[in-house]
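**Q** My structure is stored as work09.cif, with mmCIF, C-alpha atoms and all ligand atoms.
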data_work
loop_
_atom_site.label_atom_id
_atom_site.label_comp_id
_atom_site.auth_asym_id
_atom_site.auth_seq_id
_atom_site.Cartn_x
_atom_site.Cartn_y
_atom_site.Cartn_z
CA MET S 1 57.52 -35.08 127.07
CA PHE S 2 55.68 -34.51 123.80
CA THR S 3 52.11 -33.57 123.18
CA MET S 4 50.52 -34.72 119.94
CA THR S 5 47.21 -33.86 118.38
CA PRO S 6 45.54 -36.49 116.18
CA ILE S 7 45.30 -35.39 112.55
CA GLY S 8 42.25 -37.65 112.21
CA PHE S 9 40.73 -41.00 113.08
CA VAL S 10 40.58 -44.44 111.50
CA ARG S 11 37.18 -45.72 110.41
CA SER S 12 37.60 -49.49 110.45
CA PRO S 13 35.28 -52.52 110.62
CA TYR S 14 36.92 -53.63 113.88
CA SER S 15 35.37 -52.62 117.19
CA ASP S 16 37.24 -55.17 119.30
CA THR S 17 40.84 -56.43 119.26
CA THR S 18 39.61 -60.05 118.98
CA GLN S 19 38.24 -59.26 115.48
CA VAL S 20 41.65 -58.29 114.03
CA PRO S 21 43.43 -61.25 112.30
CA LYS S 22 46.51 -62.33 114.28
CA GLY S 23 49.30 -64.87 114.14
CA VAL S 24 51.60 -66.24 111.45
CA GLY S 25 50.05 -65.95 108.02
CA ALA S 26 47.41 -63.42 109.15
CA ARG S 27 46.34 -61.24 106.24
CA HIS S 28 45.10 -57.69 106.64
CA GLU S 29 42.54 -57.03 103.92
CA ALA S 30 40.10 -54.88 105.91
CA GLU S 31 38.93 -51.75 104.15
CA GLY S 32 38.05 -48.45 105.77
CA THR S 33 38.79 -44.77 105.83
CA LEU S 34 41.40 -42.42 107.19
CA GLU S 35 39.16 -39.53 108.21
CA ILE S 36 41.34 -36.45 108.40
CA ALA S 37 40.27 -33.38 110.39
CA PRO S 38 39.16 -30.38 108.28
CA GLU S 39 42.10 -28.24 109.44
CA PHE S 40 44.57 -30.79 108.02
CA GLU S 41 42.78 -31.58 104.74
CA ALA S 42 45.15 -29.43 102.65
CA GLY S 43 47.97 -31.75 103.76
CA LEU S 44 46.39 -34.58 101.72
CA LYS S 45 47.12 -32.85 98.39
CA ASP S 46 48.72 -35.34 95.93
CA ILE S 47 48.30 -38.35 98.22
CA GLU S 48 46.27 -40.24 95.56
CA GLY S 49 49.45 -40.66 93.52
CA PHE S 50 50.85 -43.17 96.00
CA SER S 51 49.78 -46.80 96.01
CA HIS S 52 50.61 -47.30 99.70
CA LEU S 53 50.97 -45.18 102.80
CA PHE S 54 52.59 -45.48 106.21
CA VAL S 55 50.01 -44.64 108.87
CA ILE S 56 51.44 -43.72 112.25
CA TRP S 57 48.86 -44.00 115.00
CA CYS S 58 48.25 -44.38 118.71
CA PHE S 59 47.33 -47.61 120.52
CA ASP S 60 44.79 -45.62 122.53
CA ARG S 61 43.16 -48.73 124.00
CA SER S 62 46.22 -50.58 125.28
CA GLU S 63 47.48 -50.20 128.82
CA GLY S 64 51.02 -50.29 130.14
CA TYR S 65 53.85 -52.18 128.53
CA GLU S 66 55.81 -55.40 128.70
CA LEU S 67 59.48 -55.43 127.72
CA GLU S 68 59.37 -59.16 126.90
CA GLY S 69 56.40 -61.18 125.78
CA VAL S 70 55.23 -64.08 123.64
CA PRO S 71 53.64 -62.73 120.44
CA PRO S 72 50.72 -64.53 118.74
CA THR S 73 53.10 -65.37 115.88
CA ASP S 74 55.44 -67.52 118.01
CA ASP S 75 55.61 -69.65 121.14
CA ARG S 76 58.81 -68.01 122.44
CA PRO S 77 59.35 -64.68 124.23
CA HIS S 78 60.86 -61.72 122.38
CA GLY S 79 61.79 -58.16 123.33
CA VAL S 80 59.07 -55.58 122.72
CA PHE S 81 61.23 -53.72 120.20
CA SER S 82 61.48 -56.82 118.03
CA THR S 83 57.71 -57.24 117.98
CA ARG S 84 54.64 -55.27 116.95
CA SER S 85 53.05 -55.56 120.38
CA PRO S 86 50.41 -52.92 121.29
CA ARG S 87 51.86 -52.87 124.84
CA ARG S 88 54.97 -50.73 124.38
CA PRO S 89 56.57 -47.85 126.32
CA ASN S 90 55.34 -45.34 123.74
CA PRO S 91 52.07 -46.72 122.34
CA ILE S 92 52.77 -45.91 118.69
CA GLY S 93 51.43 -48.11 115.87
CA LEU S 94 52.69 -48.21 112.29
CA SER S 95 50.70 -49.78 109.46
CA VAL S 96 51.18 -49.90 105.70
CA VAL S 97 47.88 -49.50 103.86
CA GLU S 98 46.91 -49.52 100.20
CA VAL S 99 45.24 -46.38 98.83
CA LEU S 100 41.86 -47.06 97.17
CA GLY S 101 40.84 -43.44 96.61
CA ARG S 102 40.11 -40.12 98.21
CA GLU S 103 36.95 -38.11 98.67
CA GLY S 104 37.89 -34.76 100.17
CA ARG S 105 39.35 -35.38 103.61
CA ASN S 106 38.54 -39.11 103.58
CA VAL S 107 41.16 -41.48 102.23
CA ARG S 108 39.78 -44.95 101.50
CA VAL S 109 42.31 -47.67 102.22
CA ARG S 110 42.77 -51.45 102.42
CA GLY S 111 44.93 -53.32 104.93
CA LEU S 112 43.75 -51.90 108.24
CA ASP S 113 44.69 -53.58 111.51
CA MET S 114 43.47 -50.76 113.75
CA LEU S 115 40.26 -50.47 115.76
CA ASP S 116 37.53 -48.08 114.71
CA GLY S 117 38.21 -44.61 116.14
CA THR S 118 41.98 -45.08 116.43
CA PRO S 119 43.73 -41.67 116.50
CA ILE S 120 46.02 -41.02 113.52
CA LEU S 121 49.23 -39.14 114.34
CA ASP S 122 50.74 -38.90 110.87
CA ILE S 123 50.67 -40.24 107.31
CA LYS S 124 53.66 -40.62 105.00
CA PRO S 125 54.04 -42.10 101.53
CA TYR S 126 55.37 -45.65 101.55
CA MET S 127 58.61 -45.97 99.64
CA SER S 128 60.47 -49.21 100.11
CA SER S 129 64.17 -49.07 99.34
CA VAL S 130 65.32 -52.35 100.91
CA PRO S 131 66.01 -54.99 98.24
CA PRO S 132 64.31 -58.32 99.16
CA GLU S 133 67.67 -60.16 99.23
CA LYS S 134 68.89 -57.79 101.98
CA LEU S 135 65.81 -58.14 104.15
CA ARG S 136 66.16 -60.29 107.30
CA LEU S 137 63.04 -61.16 109.28
CA GLY S 138 64.69 -62.39 112.50
CA TRP S 139 62.57 -64.56 114.80
CA PHE S 140 59.50 -63.93 112.64
CA GLY S 141 61.16 -65.51 109.58
CA GLU S 142 62.23 -68.47 111.74
CA ALA S 143 58.70 -68.90 113.15
CA GLU S 144 57.28 -68.85 109.62
CA ALA S 145 59.84 -71.43 108.45
CA ARG S 146 58.96 -73.72 111.40
CA ARG S 147 55.27 -73.39 110.60
CA ALA S 148 55.88 -74.23 106.93
CA ALA S 149 57.99 -77.30 107.90
CA GLU S 150 55.25 -78.50 110.32
CA ALA S 151 52.56 -78.06 107.67
CA LYS S 152 54.67 -80.06 105.18
CA SER S 153 55.22 -82.96 107.61
CA LYS S 154 51.46 -83.38 108.24
C1 LIG Q 1 50.04 -56.43 116.51
S1 LIG Q 1 49.49 -54.74 116.46
C2 LIG Q 1 50.32 -54.17 115.03
C3 LIG Q 1 49.91 -52.79 114.70
C4 LIG Q 1 50.77 -52.10 113.65
N1 LIG Q 1 50.71 -52.77 112.35
C5 LIG Q 1 52.18 -51.99 114.12
O1 LIG Q 1 53.02 -52.76 113.66
O2 LIG Q 1 52.47 -51.12 114.94
C6 LIG Q 1 47.85 -54.89 115.88
C7 LIG Q 1 46.91 -55.16 117.02
O3 LIG Q 1 46.75 -54.00 117.79
C8 LIG Q 1 45.47 -53.99 118.40
N2 LIG Q 1 44.91 -52.66 118.20
C9 LIG Q 1 44.44 -52.12 117.06
N3 LIG Q 1 44.02 -50.87 117.25
C10 LIG Q 1 44.24 -50.61 118.57
C11 LIG Q 1 44.02 -49.46 119.40
N4 LIG Q 1 43.51 -48.34 118.91
N5 LIG Q 1 44.38 -49.55 120.70
C12 LIG Q 1 44.89 -50.68 121.21
N6 LIG Q 1 45.12 -51.80 120.47
C13 LIG Q 1 44.80 -51.76 119.17
C14 LIG Q 1 44.66 -55.10 117.73
O4 LIG Q 1 44.57 -56.16 118.65
C15 LIG Q 1 45.52 -55.52 116.55
O5 LIG Q 1 45.43 -56.90 116.32
#
Starting from the coordinates I provided, produce the structure as structure tokens.
Ligand SMILES: C[S@@+](CC[C@H](N)C(=O)[O-])C[C@H]1O[C@@H](n2cnc3c(N)ncnc32)[C@H](O)[C@@H]1O
**A**
Amino acid sequence: MFTMTPIGFVRSPYSDTTQVPKGVGARHEAEGTLEIAPEFEAGLKDIEGFSHLFVIWCFDRSEGYELEGVPPTDDRPHGVFSTRSPRRPNPIGLSVVEVLGREGRNVRVRGLDMLDGTPILDIKPYMSSVPPEKLRLGWFGEAEARRAAEAKSK
């Protein structure tokens, strides 16, 4: 067992899960703030130098888990570890956000998909090292290709 203490909370425009864009082609443009607790503020030093951050957070408003389920991006079931489902054995969320600026212990960001008040567990600089030609998107890539083919045939 592990015990974690939030380093802060997300301030987002979303108060309900139905407000967060979902499904294939959903874009996350919502802006808000990562409000870091005063005792962790020193840990933000130099963060403005990064364009994007990984935010690791807790799905504090999801209950239980489902090992297989149909995600909103497809009509077929997939294993929880090949999806971004909020209903997972350890309710950990991971989002990449763009840094807009920082005022003290508040980091302004774009690209939120979390609810207002979501506990933040950690922040790390985003550094992508996977060349696009080596990236495989599994069922998600296939679902996107099917959607594109359907749109073309209409
Ligand atoms: C599909 S998950 C993906 C989250 C993250 N990007 C990831 O990959 O781990 C995003 C959804 O989680 C739900 N959600 C956001 N914040 C939540 C919270 N604090 N507790 C429970 N569900 C939440 C919303 O319905 C949102 O559409």
**Q** Restricting the calculation to all atoms listed in the file, which member of S:Pro38, S:Gly117, S:Gly104, S:Gly64 is positioned closest to ligand LIG 1 (chain Q)?
**A**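 Of the candidates, the smallest distance to ligand LIG 1 (chain Q) is held by S:Gly117.
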**Q** Could the centre and edge lengths of an axis-aligned box, enclosing all atoms of stretch 45-64 of chain S in the file with 6 Å extra on each side, be given in Å to one decimal as lines of an AutoDock Vina configuration file?
**A**
center_x = 47.9
center_y = -41.7
center_z = 111.8
size_x = 21.4
size_y = 29.7
size_z = 48.6
**Q** Can I get the residues close to ligand LIG 1 (chain Q) as a PyMOL selection string, where close means within 8 Å and we count all atoms listed in the file?
**A** chain S and resi 16-22+56-62+83-86+92-96+113-119
**Q** Go through S:Glu98, S:Glu133, S:Glu63, S:Glu142 and flag the residue nearest S:Leu34, using all atoms listed in the file for the distances.
**A** S:Glu98
**Q** Pull the neighbourhood of (42.1, -34.6, 111.1) for me: all residues within 9 Å in file coordinates, counting only C-alpha atoms, as JSON, numbers by chain.
**A** {"S": [5, 6, 7, 8, 9, 34, 35, 36, 37, 38, 39, 40, 41, 105, 120]}
